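Notes for the one structure printed next.
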Amino acid sequence: MADIIELQKRRQRQECEKAEALRDEKIDLLKKIFQCTRCQLRCSRCGTQIQEAEDRTQAKLPYPLCTGCREEYDIYLKQRRGDITEGHYWHNEEWMKVWGTWLEHQRALDHYRNSKEFIKLLHEFENLW
């Protein structure tokens, strides 16, 4: 009889370890999504720290950008509208694609954060604490 009880305890311990590993995985995912991809103190494009003065000009931008990336974003928007900009020779079609795909990636992250599955994960996370 003692052997049967030990097997049940072992199975329960393994299930607890699996549940704890899954919980840790969920916590890591949430940390990455909220701390890394949505940090308001870092440029969402290049990752440099945003200064306090730059922080005040972020209101009309869809994502936090440093001064350099913001200038590039403004040029991107002008060129996308068809405005002729006297920029640099590297503001070519490939450069436009890089900005376009980066913005598309940001929108995909936004859609994921608003998905019912991600919201369910958030609720599970709230219940863990």
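In the structure tokens, each chain is lettered A, B, ... as it comes, each chain's residues begin at 1, and ligands are numbered from 1 in order of appearance.
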
Original post:
Which polymer residues have any atom within 10 Å of an atom of stretch 93-106 of chain A, counting only C-alpha atoms, with same-chain residues fewer than 6 positions away left out, as a PyMOL selection string?
Top reply: chain A and resi 37-38+44-45+62-63+72-73+75-77+79-80+112

Original post:
What is the distance between atom CA of A:Glu20 and atom CA of A:Leu109, in Å to one decimal?
Top reply: 26.5 Å

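Between atom CA of A:Ala108 and atom CA of A:Leu61 the separation is 16.8 Å.
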
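Interatomic distance, atom CA of A:Cys39 to atom CA of A:Cys69: 15.5 Å.
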
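Nearest to A:Cys66 of all the residues A:Arg113, A:Arg42, A:Lys9, A:Lys31 is A:Arg42, based on only C-alpha atoms.
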
Subject >> Every residue of chain A that DSSP places in helix (DSSP H, G or I), as a count of residues only >> reply: 89
